[in-house]
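Chemist: start-v6.csv (CSV, C-alpha atoms) pasted underneath:
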chain,number,residue,atom,x,y,z
A,674,MET,CA,-107.5,-59.3,-15.9
A,675,ILE,CA,-104.6,-56.8,-15.5
A,676,PHE,CA,-104.4,-56.5,-19.3
A,677,MET,CA,-108.1,-55.8,-19.6
A,678,LEU,CA,-108.0,-53.1,-16.8
A,679,GLN,CA,-105.1,-51.4,-18.6
A,680,TRP,CA,-106.9,-51.5,-21.9
A,681,PHE,CA,-110.0,-50.0,-20.3
A,682,ALA,CA,-108.0,-47.3,-18.5
A,683,ASP,CA,-106.2,-46.4,-21.8
A,684,MET,CA,-109.6,-46.2,-23.6
A,685,VAL,CA,-111.0,-43.8,-21.0
A,686,THR,CA,-107.9,-41.7,-21.0
A,687,TYR,CA,-107.0,-41.4,-24.6
A,688,GLN,CA,-110.3,-41.9,-26.4
A,689,TRP,CA,-113.1,-40.7,-24.2
A,690,PHE,CA,-111.2,-37.8,-22.7
A,691,SER,CA,-108.9,-37.4,-25.7
A,692,LEU,CA,-105.9,-36.7,-23.5
A,693,ILE,CA,-102.4,-36.6,-25.0
A,694,LYS,CA,-100.2,-39.6,-24.2
A,695,GLY,CA,-97.4,-38.7,-21.8
A,696,SER,CA,-98.9,-35.5,-20.4
A,697,HIS,CA,-99.2,-35.1,-16.6
A,698,LEU,CA,-103.0,-35.0,-16.8
A,699,ALA,CA,-103.2,-38.2,-19.0
A,700,ASP,CA,-100.9,-40.0,-16.6
A,701,ALA,CA,-103.0,-39.0,-13.6
A,702,VAL,CA,-106.3,-39.9,-15.2
A,703,ASN,CA,-105.0,-43.2,-16.5
A,704,PHE,CA,-103.6,-44.1,-13.0
A,705,PHE,CA,-106.9,-43.1,-11.3
A,706,VAL,CA,-109.1,-45.2,-13.6
A,707,TYR,CA,-106.8,-48.3,-13.5
A,708,ASP,CA,-106.3,-48.2,-9.7
A,709,THR,CA,-110.0,-47.6,-8.9
A,710,LEU,CA,-111.1,-50.5,-11.0
A,711,LYS,CA,-108.4,-52.8,-9.7
A,712,ILE,CA,-109.0,-51.9,-6.0
A,713,PHE,CA,-112.8,-52.3,-6.2
A,714,ILE,CA,-112.7,-55.6,-8.0
A,715,MET,CA,-110.1,-56.9,-5.4
A,716,LEU,CA,-112.2,-55.6,-2.5
A,717,SER,CA,-115.4,-57.2,-3.7
A,718,VAL,CA,-113.9,-60.6,-4.4
A,719,ILE,CA,-111.6,-60.9,-1.4
A,720,ILE,CA,-114.0,-59.5,1.2
A,721,PHE,CA,-116.6,-62.0,0.0
A,722,VAL,CA,-114.3,-64.9,0.5
A,723,VAL,CA,-113.0,-63.6,3.8
A,724,ALA,CA,-116.6,-63.2,5.1
A,725,ILE,CA,-117.4,-66.8,4.3
A,726,ILE,CA,-114.3,-68.0,6.1
A,727,ARG,CA,-115.0,-65.8,9.1
A,728,SER,CA,-118.6,-67.1,9.5
A,729,PHE,CA,-116.9,-70.4,10.6
A,730,PHE,CA,-114.9,-68.6,13.4
A,731,PRO,CA,-117.3,-66.8,15.7
A,732,PRO,CA,-115.5,-65.3,18.8
A,733,GLU,CA,-117.2,-67.9,21.0
A,734,LYS,CA,-115.3,-70.7,19.2
A,735,THR,CA,-112.1,-68.7,19.3
A,736,ARG,CA,-112.5,-68.4,23.1
A,737,LYS,CA,-112.9,-72.1,23.4
A,738,VAL,CA,-109.8,-72.8,21.4
A,739,LEU,CA,-107.8,-70.3,23.4
A,740,SER,CA,-109.0,-71.5,26.8
A,741,TYR,CA,-106.8,-74.5,26.7
A,742,LYS,CA,-103.7,-72.5,25.7
A,743,ARG,CA,-101.0,-71.0,27.9
A,744,GLN,CA,-98.3,-68.4,27.2
A,745,TYR,CA,-96.2,-68.6,24.0
A,746,ALA,CA,-98.4,-71.2,22.2
A,747,GLY,CA,-101.4,-69.2,23.3
A,748,ASN,CA,-100.0,-65.9,22.0
A,749,ILE,CA,-99.3,-67.4,18.6
A,750,VAL,CA,-102.7,-69.1,18.3
A,751,ALA,CA,-104.4,-65.9,19.5
A,752,ALA,CA,-102.7,-63.8,16.9
A,753,LEU,CA,-103.5,-66.2,14.1
A,754,LEU,CA,-107.2,-66.4,15.2
A,755,GLY,CA,-107.2,-62.7,15.3
A,756,ILE,CA,-107.0,-62.7,11.5
A,757,VAL,CA,-110.1,-64.9,10.9
A,758,THR,CA,-112.3,-64.0,13.8
A,759,PRO,CA,-114.7,-61.2,12.9
A,760,PHE,CA,-114.2,-58.5,15.4
A,761,CYS,CA,-115.6,-55.0,15.6
A,762,SER,CA,-114.4,-52.6,18.4
A,763,CYS,CA,-118.1,-52.4,19.6
A,764,SER,CA,-117.7,-56.1,20.7
A,765,ALA,CA,-114.4,-55.4,22.5
A,766,VAL,CA,-115.9,-55.3,26.0
A,767,PRO,CA,-117.9,-58.6,25.9
A,768,VAL,CA,-115.0,-60.3,24.1
A,769,PHE,CA,-112.5,-59.2,26.7
A,770,ILE,CA,-114.8,-60.3,29.6
A,771,GLY,CA,-115.5,-63.6,27.9
A,772,PHE,CA,-111.8,-64.3,27.5
A,773,VAL,CA,-111.1,-63.5,31.2
A,774,GLU,CA,-114.0,-65.7,32.1
A,775,ALA,CA,-112.5,-68.6,30.2
A,776,GLY,CA,-109.2,-68.2,32.1
A,777,ILE,CA,-107.3,-67.0,29.0
A,778,PRO,CA,-104.1,-65.2,30.2
A,779,LEU,CA,-104.1,-61.4,29.9
A,780,GLY,CA,-101.1,-61.4,27.5
A,781,VAL,CA,-102.8,-64.0,25.2
A,782,THR,CA,-106.0,-61.8,25.1
A,783,PHE,CA,-103.9,-58.8,24.1
A,784,SER,CA,-102.2,-60.8,21.3
A,785,PHE,CA,-105.8,-61.3,19.9
A,786,LEU,CA,-106.9,-57.7,20.5
A,787,ILE,CA,-103.8,-56.4,18.7
A,788,SER,CA,-103.8,-58.8,15.7
A,789,SER,CA,-107.5,-58.6,15.0
A,790,PRO,CA,-107.8,-55.0,13.8
A,791,MET,CA,-104.2,-54.8,12.5
A,792,VAL,CA,-104.2,-57.8,10.2
A,793,ASN,CA,-107.6,-57.0,8.5
A,794,GLU,CA,-108.7,-57.9,5.0
A,795,VAL,CA,-109.2,-54.3,3.7
A,796,ALA,CA,-105.7,-53.3,4.6
A,797,LEU,CA,-104.3,-56.5,3.2
A,798,ILE,CA,-106.2,-56.2,-0.1
A,799,LEU,CA,-105.1,-52.6,-0.6
A,800,LEU,CA,-101.5,-53.3,0.2
A,801,TRP,CA,-101.6,-56.2,-2.2
A,802,GLY,CA,-103.1,-54.1,-4.9
A,803,MET,CA,-100.8,-51.1,-4.5
A,804,PHE,CA,-97.5,-52.7,-3.5
A,805,GLY,CA,-97.8,-56.3,-4.6
A,806,PRO,CA,-98.1,-59.6,-2.8
A,807,SER,CA,-94.7,-59.6,-1.2
A,808,ILE,CA,-95.4,-56.4,0.8
A,809,ALA,CA,-98.8,-57.7,1.8
A,810,LEU,CA,-97.2,-60.9,3.1
A,811,ILE,CA,-94.5,-59.0,4.9
A,812,TYR,CA,-97.3,-56.9,6.5
A,813,ILE,CA,-99.1,-60.1,7.7
A,814,ALA,CA,-95.9,-61.7,9.1
A,815,THR,CA,-94.8,-58.5,10.9
A,816,GLY,CA,-98.3,-57.8,12.1
A,817,LEU,CA,-98.5,-61.2,13.7
A,818,THR,CA,-95.1,-60.8,15.2
A,819,VAL,CA,-96.0,-57.4,16.7
A,820,ALA,CA,-99.2,-59.0,18.2
A,821,ILE,CA,-97.4,-62.0,19.6
A,822,ILE,CA,-94.5,-60.1,21.1
A,823,SER,CA,-96.6,-57.3,22.5
A,824,GLY,CA,-98.9,-59.8,24.1
A,825,LEU,CA,-96.0,-61.7,25.6
A,826,VAL,CA,-94.5,-58.6,27.1
A,827,ILE,CA,-97.8,-57.5,28.6
A,828,GLY,CA,-98.2,-61.1,30.0
A,829,LYS,CA,-94.8,-60.9,31.6
A,830,LEU,CA,-95.6,-57.5,33.3
A,831,ASN,CA,-98.3,-59.1,35.5
A,832,MET,CA,-100.8,-56.3,35.0
A,833,GLU,CA,-103.9,-58.3,36.0
A,834,LYS,CA,-104.6,-55.7,38.8
A,835,TYR,CA,-105.0,-53.0,36.2
A,836,VAL,CA,-108.1,-54.7,34.8
A,837,GLU,CA,-111.3,-53.1,36.1
A,838,GLY,CA,-112.6,-55.1,39.1
A,839,TYR,CA,-116.0,-55.8,37.8
A,840,VAL,CA,-114.6,-57.8,35.0
A,841,TYR,CA,-113.5,-60.5,37.4
A,842,GLU,CA,-116.9,-60.3,39.2
A,843,ILE,CA,-118.7,-61.1,36.0
A,844,ALA,CA,-116.1,-63.7,35.0
A,845,LYS,CA,-116.6,-65.5,38.4
A,846,VAL,CA,-120.3,-66.0,37.7
A,847,GLY,CA,-119.6,-67.5,34.2
A,848,ASP,CA,-119.5,-71.3,34.5
A,849,GLY,CA,-117.4,-73.4,32.2
A,850,ILE,CA,-116.1,-72.9,28.7
A,851,GLU,CA,-119.2,-73.6,26.5
A,852,MET,CA,-120.9,-70.7,24.9
A,853,VAL,CA,-123.9,-70.4,22.6
A,854,VAL,CA,-123.0,-70.4,18.9
A,855,ALA,CA,-126.0,-69.5,16.7
A,856,GLU,CA,-126.4,-72.1,13.9
A,857,GLN,CA,-125.8,-70.9,10.4
A,858,THR,CA,-126.7,-72.6,7.1
A,859,TRP,CA,-124.7,-72.1,3.9
A,860,LYS,CA,-127.4,-69.8,2.6
A,861,ASP,CA,-126.9,-67.7,5.7
A,862,ARG,CA,-123.2,-67.6,5.2
A,863,LEU,CA,-123.4,-66.6,1.5
A,864,LEU,CA,-126.1,-64.0,2.1
A,865,TYR,CA,-124.1,-62.7,5.1
A,866,ALA,CA,-121.0,-62.5,2.9
A,867,ARG,CA,-122.9,-60.5,0.2
A,868,ASP,CA,-124.3,-58.1,2.7
A,869,TYR,CA,-120.8,-57.7,4.4
A,870,VAL,CA,-119.2,-56.8,1.0
A,871,MET,CA,-121.9,-54.2,0.4
A,872,ASP,CA,-121.5,-52.9,3.9
A,873,ILE,CA,-117.7,-52.5,3.6
A,874,LEU,CA,-117.9,-51.0,0.1
A,875,LYS,CA,-120.5,-48.5,1.2
A,876,LYS,CA,-118.3,-47.5,4.1
A,877,VAL,CA,-114.9,-47.3,2.4
A,878,TRP,CA,-115.6,-46.1,-1.2
A,879,PRO,CA,-115.4,-42.4,-0.6
A,880,TYR,CA,-112.0,-42.8,1.2
A,881,VAL,CA,-110.7,-45.1,-1.5
A,882,LEU,CA,-111.7,-42.7,-4.2
A,883,VAL,CA,-110.2,-39.7,-2.5
A,884,GLY,CA,-107.1,-41.7,-1.6
A,885,ILE,CA,-106.6,-42.9,-5.2
A,886,GLY,CA,-107.4,-39.4,-6.5
A,887,LEU,CA,-104.8,-37.8,-4.4
A,888,GLY,CA,-102.4,-40.6,-5.2
A,889,ALA,CA,-103.1,-40.2,-8.9
A,890,GLY,CA,-102.4,-36.4,-8.6
A,891,ILE,CA,-99.1,-37.1,-6.8
A,892,HIS,CA,-98.2,-39.8,-9.4
A,893,GLY,CA,-98.8,-37.4,-12.3
A,894,TYR,CA,-97.4,-34.2,-10.9
A,895,VAL,CA,-94.9,-34.6,-8.2
A,896,PRO,CA,-91.4,-35.3,-9.3
A,897,THR,CA,-89.8,-38.7,-8.5
A,898,ASP,CA,-87.7,-38.7,-5.3
A,899,PHE,CA,-89.3,-35.4,-4.2
A,900,LEU,CA,-89.9,-37.0,-0.8
A,901,ALA,CA,-86.7,-38.9,-0.5
A,902,ALA,CA,-85.1,-36.1,1.6
A,903,TYR,CA,-87.9,-35.9,4.1
A,904,ALA,CA,-89.4,-39.4,4.3
A,905,GLY,CA,-86.5,-41.4,3.0
A,906,LYS,CA,-84.3,-43.9,4.9
A,907,ASP,CA,-81.8,-41.3,6.1
A,908,ASN,CA,-84.3,-39.3,8.1
A,909,PHE,CA,-84.2,-40.8,11.5
A,910,PHE,CA,-87.4,-39.2,12.6
A,911,ALA,CA,-89.6,-40.3,9.7
A,912,VAL,CA,-90.7,-43.6,11.3
A,913,PRO,CA,-91.8,-42.2,14.7
A,914,ILE,CA,-93.5,-39.2,13.0
A,915,ALA,CA,-95.3,-41.6,10.6
A,916,VAL,CA,-96.5,-43.7,13.6
A,917,LEU,CA,-97.8,-40.6,15.4
A,918,MET,CA,-99.6,-39.4,12.3
A,919,GLY,CA,-101.3,-42.8,11.9
A,920,VAL,CA,-103.1,-42.7,15.3
A,921,PRO,CA,-105.9,-40.3,14.3
A,922,LEU,CA,-106.4,-41.8,10.9
A,923,TYR,CA,-107.9,-45.1,12.3
A,924,SER,CA,-111.1,-45.3,10.2
A,925,ASN,CA,-109.4,-44.3,6.9
A,926,ALA,CA,-107.1,-47.2,6.2
A,927,ALA,CA,-108.9,-47.7,2.9
A,928,GLY,CA,-108.1,-44.2,1.8
A,929,VAL,CA,-104.6,-44.0,3.4
A,930,ILE,CA,-103.1,-46.9,1.5
A,931,PRO,CA,-103.5,-45.6,-2.1
A,932,LEU,CA,-102.2,-42.2,-0.9
A,933,VAL,CA,-99.2,-43.8,0.8
A,934,ALA,CA,-98.4,-45.9,-2.3
A,935,ALA,CA,-98.0,-42.6,-4.2
A,936,LEU,CA,-95.8,-41.2,-1.5
A,937,GLN,CA,-93.6,-44.3,-1.5
A,938,GLU,CA,-93.2,-43.9,-5.3
A,939,LYS,CA,-91.9,-40.4,-4.6
A,940,GLY,CA,-89.3,-41.5,-2.1
A,941,MET,CA,-90.9,-42.4,1.2
A,942,ALA,CA,-89.0,-45.5,2.5
A,943,MET,CA,-90.9,-48.8,2.6
A,944,GLY,CA,-90.3,-49.5,6.3
A,945,THR,CA,-91.8,-46.1,7.1
A,946,VAL,CA,-94.8,-47.0,4.9
A,947,LEU,CA,-95.3,-50.3,6.8
A,948,ALA,CA,-95.0,-48.6,10.2
A,949,PHE,CA,-97.5,-45.9,9.2
A,950,MET,CA,-100.0,-48.5,8.0
A,951,MET,CA,-99.7,-50.6,11.2
A,952,SER,CA,-100.2,-47.5,13.3
A,953,VAL,CA,-103.3,-46.6,11.3
A,954,THR,CA,-104.9,-50.0,11.9
A,955,ALA,CA,-103.6,-51.0,15.3
A,956,LEU,CA,-103.7,-47.8,17.3
A,957,SER,CA,-107.2,-46.4,17.1
A,958,LEU,CA,-108.5,-43.8,19.4
A,959,PRO,CA,-112.2,-45.1,19.6
A,960,GLU,CA,-111.0,-48.6,20.4
A,961,MET,CA,-108.9,-47.2,23.3
A,962,ILE,CA,-111.9,-45.4,24.6
A,963,ILE,CA,-114.0,-48.6,24.5
A,964,LEU,CA,-111.2,-50.6,26.1
A,965,ARG,CA,-111.1,-48.0,28.9
A,966,ASN,CA,-114.4,-49.7,30.1
A,967,VAL,CA,-112.4,-52.8,31.1
A,968,LEU,CA,-108.8,-51.6,31.5
A,969,LYS,CA,-107.4,-49.0,33.9
A,970,PRO,CA,-105.5,-46.1,32.3
A,971,ARG,CA,-102.1,-47.5,33.3
A,972,LEU,CA,-102.7,-50.7,31.4
A,973,ILE,CA,-104.0,-48.8,28.4
A,974,ALA,CA,-100.9,-46.6,28.4
A,975,VAL,CA,-98.6,-49.7,28.6
A,976,PHE,CA,-100.6,-51.3,25.8
A,977,ILE,CA,-100.2,-48.2,23.5
A,978,GLY,CA,-96.5,-47.8,24.5
A,979,ILE,CA,-95.6,-51.5,23.7
A,980,VAL,CA,-97.5,-51.6,20.4
A,981,ALA,CA,-96.1,-48.3,19.3
A,982,THR,CA,-92.5,-49.3,20.2
A,983,SER,CA,-92.8,-52.6,18.3
A,984,ILE,CA,-94.2,-50.8,15.2
A,985,ILE,CA,-91.4,-48.3,15.3
A,986,ILE,CA,-88.8,-51.1,15.5
A,987,VAL,CA,-90.6,-52.8,12.5
A,988,GLY,CA,-90.2,-49.5,10.6
A,989,TYR,CA,-86.5,-49.2,11.2
A,990,LEU,CA,-85.9,-52.8,10.5
A,991,PHE,CA,-87.5,-52.8,7.1
A,992,ASN,CA,-85.9,-49.5,6.2
A,993,ALA,CA,-82.6,-51.3,6.7
A,994,LEU,CA,-83.7,-54.5,5.0
A,995,LEU,CA,-85.8,-53.5,2.0
A,996,PRO,CA,-84.5,-51.8,-1.1
A,997,GLY,CA,-85.8,-48.4,-2.2
B,417,MET,CA,-143.5,-63.4,23.2
B,418,LYS,CA,-140.5,-61.8,24.8
B,419,ILE,CA,-137.8,-60.3,22.6
B,420,GLU,CA,-134.5,-59.0,23.9
B,421,VAL,CA,-132.0,-57.0,21.8
B,422,LEU,CA,-128.5,-57.3,23.4
B,423,GLY,CA,-125.9,-54.6,22.6
B,424,THR,CA,-123.6,-52.2,24.3
B,425,GLY,CA,-124.8,-49.2,22.3
B,426,CYS,CA,-123.1,-49.6,18.9
B,427,ALA,CA,-124.8,-48.5,15.7
B,428,LYS,CA,-125.7,-52.0,14.6
B,429,CYS,CA,-127.4,-52.7,18.0
B,430,LYS,CA,-129.6,-49.7,17.5
B,431,GLN,CA,-130.4,-50.8,14.0
B,432,LEU,CA,-131.4,-54.3,15.2
B,433,GLU,CA,-133.9,-52.8,17.7
B,434,LYS,CA,-135.4,-50.7,14.9
B,435,ASP,CA,-135.6,-53.7,12.6
B,436,VAL,CA,-137.4,-55.7,15.3
B,437,TYR,CA,-140.0,-53.1,15.8
B,438,ASN,CA,-140.5,-52.8,12.0
B,439,ALA,CA,-140.8,-56.5,11.6
B,440,LEU,CA,-143.4,-56.8,14.4
B,441,ALA,CA,-145.4,-54.0,12.8
B,442,GLU,CA,-145.3,-55.6,9.4
B,443,LEU,CA,-146.3,-59.1,10.7
B,444,ASN,CA,-148.9,-57.5,13.0
B,445,LEU,CA,-147.5,-59.3,16.0
B,446,ALA,CA,-147.4,-58.1,19.6
B,447,ALA,CA,-144.3,-58.7,21.7
B,448,ASP,CA,-142.5,-57.4,24.8
B,449,VAL,CA,-139.4,-55.9,23.3
B,450,SER,CA,-136.5,-54.7,25.5
B,451,LYS,CA,-133.0,-53.5,25.0
B,452,VAL,CA,-130.3,-55.0,27.2
B,453,GLU,CA,-127.3,-52.8,27.6
B,454,ASP,CA,-126.0,-54.1,30.9
B,455,ILE,CA,-122.8,-56.0,30.2
B,456,LYS,CA,-123.4,-58.4,33.1
B,457,LYS,CA,-126.8,-59.4,31.6
B,458,ILE,CA,-125.4,-59.7,28.1
B,459,MET,CA,-122.7,-62.0,29.3
B,460,SER,CA,-125.2,-64.1,31.1
B,461,TYR,CA,-126.6,-65.2,27.7
B,462,LYS,CA,-123.2,-66.8,27.0
B,463,ILE,CA,-122.5,-64.8,23.8
B,464,MET,CA,-119.6,-62.4,23.1
B,465,ALA,CA,-120.5,-60.7,19.9
B,466,THR,CA,-123.1,-58.0,19.7
B,467,PRO,CA,-125.7,-57.2,18.4
B,468,ALA,CA,-127.6,-60.3,19.5
B,469,LEU,CA,-131.2,-61.2,19.3
B,470,VAL,CA,-132.9,-63.3,22.0
B,471,VAL,CA,-136.4,-64.6,21.5
B,472,ASP,CA,-138.1,-66.1,24.6
B,473,GLY,CA,-134.8,-66.7,26.3
B,474,GLN,CA,-133.2,-68.3,23.2
B,475,VAL,CA,-130.2,-66.8,21.4
B,476,LYS,CA,-131.1,-66.6,17.7
B,477,ILE,CA,-128.4,-64.4,16.3
B,478,ALA,CA,-125.1,-63.0,17.7
B,479,GLY,CA,-122.5,-60.7,16.1
B,480,ARG,CA,-124.5,-59.7,13.0
B,481,LEU,CA,-127.7,-58.2,11.8
B,482,PRO,CA,-130.4,-60.7,10.6
B,483,ARG,CA,-131.7,-60.3,7.1
B,484,LYS,CA,-135.4,-59.3,6.9
B,485,ASP,CA,-136.7,-62.7,5.9
B,486,GLU,CA,-134.6,-64.3,8.6
B,487,LEU,CA,-135.9,-62.0,11.3
B,488,HIS,CA,-139.5,-62.5,10.1
B,489,SER,CA,-139.1,-66.3,10.3
B,490,TYR,CA,-137.8,-66.2,13.9
B,491,LEU,CA,-140.7,-64.1,15.0
B,492,LYS,CA,-143.3,-66.1,13.1
B,493,ASP,CA,-142.0,-69.4,14.4
B,494,ILE,CA,-142.5,-68.3,18.0
B,495,GLU,CA,-146.1,-67.2,17.2
B,496,LYS,CA,-147.0,-70.7,16.2
In structure tokens, how does this file's structure come out?
Modeler:
Amino acid sequence: MIFMLQWFADMVTYQWFSLIKGSHLADAVNFFVYDTLKIFIMLSVIIFVVAIIRSFFPPEKTRKVLSYKRQYAGNIVAALLGIVTPFCSCSAVPVFIGFVEAGIPLGVTFSFLISSPMVNEVALILLWGMFGPSIALIYIATGLTVAIISGLVIGKLNMEKYVEGYVYEIAKVGDGIEMVVAEQTWKDRLLYARDYVMDILKKVWPYVLVGIGLGAGIHGYVPTDFLAAYAGKDNFFAVPIAVLMGVPLYSNAAGVIPLVAALQEKGMAMGTVLAFMMSVTALSLPEMIILRNVLKPRLIAVFIGIVATSIIIVGYLFNALLPG
Amino acid sequence: MKIEVLGTGCAKCKQLEKDVYNALAELNLAADVSKVEDIKKIMSYKIMATPALVVDGQVKIAGRLPRKDELHSYLKDIEK
């Protein structure tokens, strides 16, 4: 497949546009065509598969599994289930209350809430496509670790009193663990997966194109190692600045990754790249606003502080460990 | 027939409400449609993912939008 994509990108660049091999413009165009095709094929195929898998893990089922778990084991299972349970921040409030109702410890709930948006399929596919499978796997592993550890720390802090009181009132009324899970046939799952792919593509395609476009421009025009002095390993402040910059970019993970891939090529350190990506996905402003409905400000601040600190540690760690 | 659309105000929840009205108009059915935004009431249906569709007290769909043919079949079933 990779060979065919390269062949097509070469044809577009050198025959259709008649660009001269080796020129900056030809490099940029070739890169743009190749990456765009690759990313959209990967997005379509993998999101389809992920949607089918997810149709087997509704949050009601996840809640049932977690209700038998305590700390440690619970945090690990919660972070893992966060990968496969479909979760949109608009459901954050009912999911949070449902978890409290089932007696799931606060820290375990947070492990789920952190892992779910951070280890998401769009980010993973793009990381895989732009940096290769090993970086995508490192992202999954460290994302899970951040979710597990942050949840454990929040659990140890005994912050139950910083959950809004009405949550416990609703939770008291709830009886037992069983919840309704609407039945789905295979036809439902397949059609749902198809619609889900279209939905995501419709949402992310402009960001992906802009991201790849900017990336292609940087790839073709900016000299190698241009960024090494600013965003390389030796700049101590690069990691925290990257994390801060990630917070307002929450909805644009799809566009950010192709851009960051180009920046990495020009000297941005890999740990800084990972920390930036995690901040984009895990720390989102609208999710905080929604969570404010169930959490008092103090708990939100602790949540942000712990997650941000863990992400910064991840950044420094991989800057020390990874080459380039 | 009583139809309830459960949702805390997200875009998909509003879409579901619109879809229900459209489906009823196309099928020429009358129903008492209401939007449930109160989180206490939503939780009382024992679901966690919104949007959700409740027809005559029974949860039909939670956490996703129904397809058009799916939605029509739920509404027609009840009519019989």
Chemist: For A:Leu917, list every protein, DNA or RNA residue within 9 Å, evaluated using all atoms listed in the file, and leave out those in the same chain fewer than 3 positions away; present the list as a ChimeraX atom specification.
Modeler: /A:912-914,920-921,949,952,981
Chemist: Give me the chain A side of the contact with chain B, cut-off 7 Å, one line per residue showing its nearest atom pair and distance in Å at one decimal, counting only C-alpha atoms, sorted by chain and residue number, as a Markdown table.
Modeler:
| residue | atom | partner | partner_atom | distance |
| --- | --- | --- | --- | --- |
| A:Pro732 | CA | B:Met464 | CA | 6.6 |
| A:Glu733 | CA | B:Met464 | CA | 6.4 |
| A:Cys763 | CA | B:Cys426 | CA | 5.8 |
| A:Ser764 | CA | B:Ala465 | CA | 5.4 |
| A:Pro767 | CA | B:Met464 | CA | 5.0 |
| A:Val768 | CA | B:Met464 | CA | 5.2 |
| A:Gly771 | CA | B:Met464 | CA | 6.4 |
| A:Ile843 | CA | B:Lys456 | CA | 6.1 |
| A:Met852 | CA | B:Lys462 | CA | 5.0 |
| A:Val853 | CA | B:Lys462 | CA | 5.7 |
| A:Ala855 | CA | B:Ile477 | CA | 5.7 |
Chemist: List the residues sitting within 9 Å of (-112.3, -46.1, 2.0) in the file's frame, using only C-alpha atoms, as an NGL selection string.
Modeler: :A and (795 or 873-884 or 924-929)
Chemist: Just to be explicit: take each residue in the selection above, keep C-alpha atoms, and write the result as a short mmCIF file (atom, residue, chain, number, x, y, z; two decimals), in the frame of the given file.
Modeler:
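File written: selection19.cif
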data_model
loop_
_atom_site.label_atom_id
_atom_site.label_comp_id
_atom_site.auth_asym_id
_atom_site.auth_seq_id
_atom_site.Cartn_x
_atom_site.Cartn_y
_atom_site.Cartn_z
CA VAL A 795 -109.20 -54.30 3.70
CA ILE A 873 -117.70 -52.50 3.60
CA LEU A 874 -117.90 -51.00 0.10
CA LYS A 875 -120.50 -48.50 1.20
CA LYS A 876 -118.30 -47.50 4.10
CA VAL A 877 -114.90 -47.30 2.40
CA TRP A 878 -115.60 -46.10 -1.20
CA PRO A 879 -115.40 -42.40 -0.60
CA TYR A 880 -112.00 -42.80 1.20
CA VAL A 881 -110.70 -45.10 -1.50
CA LEU A 882 -111.70 -42.70 -4.20
CA VAL A 883 -110.20 -39.70 -2.50
CA GLY A 884 -107.10 -41.70 -1.60
CA SER A 924 -111.10 -45.30 10.20
CA ASN A 925 -109.40 -44.30 6.90
CA ALA A 926 -107.10 -47.20 6.20
CA ALA A 927 -108.90 -47.70 2.90
CA GLY A 928 -108.10 -44.20 1.80
CA VAL A 929 -104.60 -44.00 3.40
#
Chemist: Between atom CA of A:Pro996 and atom CA of A:Leu800, what is the distance in Å, rounded to a tenth?
Modeler: 17.1 Å
Chemist: Mind pulling up the distance from atom CA of A:Thr945 to atom CA of A:Asn992?
Modeler: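 Taking atom CA of A:Asn992 and atom CA of A:Thr945, their separation equals 6.9 Å.
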Chemist: What does the distance between atom CA of A:Phe783 and atom CA of B:Asp454 come to in Å, to one decimal place?
Modeler: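 Rounded to one decimal, the two atoms are 23.6 Å apart.
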Chemist: List the neighbours of B:Ser450 out to 10 Å using only C-alpha atoms; skip same-chain residues closer than 5 positions along the sequence, and give me the result as a ChimeraX atom specification.
Modeler: /B:418-422,433,470
Chemist: Kindly indicate which residue among A:Phe721, A:Tyr835, A:Tyr989, A:Trp801 lies nearest to A:Lys969, using only C-alpha atoms for the distances.
Modeler: A:Tyr835
Chemist: Which residues are near B:Leu440? Cut-off 10 Å, all atoms listed in the file, ignore same chain within fewer than 5 positions. Put them as a list in words.
Modeler: Asp435, Leu445, Ala446, Ala447, Val449, Leu487, His488, Leu491 and Lys492 of chain B
Chemist: Rank nothing, just name the residue among B:Glu453, B:Gly473, B:Met417, B:Lys484 nearest to B:Asn438, using all atoms listed in the file.
Modeler: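 Nearest to B:Asn438: B:Lys484.
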Chemist: For stretch 747-751 of chain A, please output as a list in words all residues within 6 Å (counting all atoms listed in the file; exclusion window: fewer than 5 positions along the same chain).
Modeler: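 Counting only the stated atoms, we get Lys742, Val781, Ser784, Phe785 and Ile821 of chain A.
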Chemist: Restricting the calculation to all atoms listed in the file, which member of A:Tyr869, A:Tyr745, A:Tyr812, A:Tyr903 is positioned closest to A:Leu799?
Modeler: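 Going through A:Tyr869, A:Tyr745, A:Tyr812, A:Tyr903 one by one, the smallest distance to A:Leu799 is for A:Tyr812.
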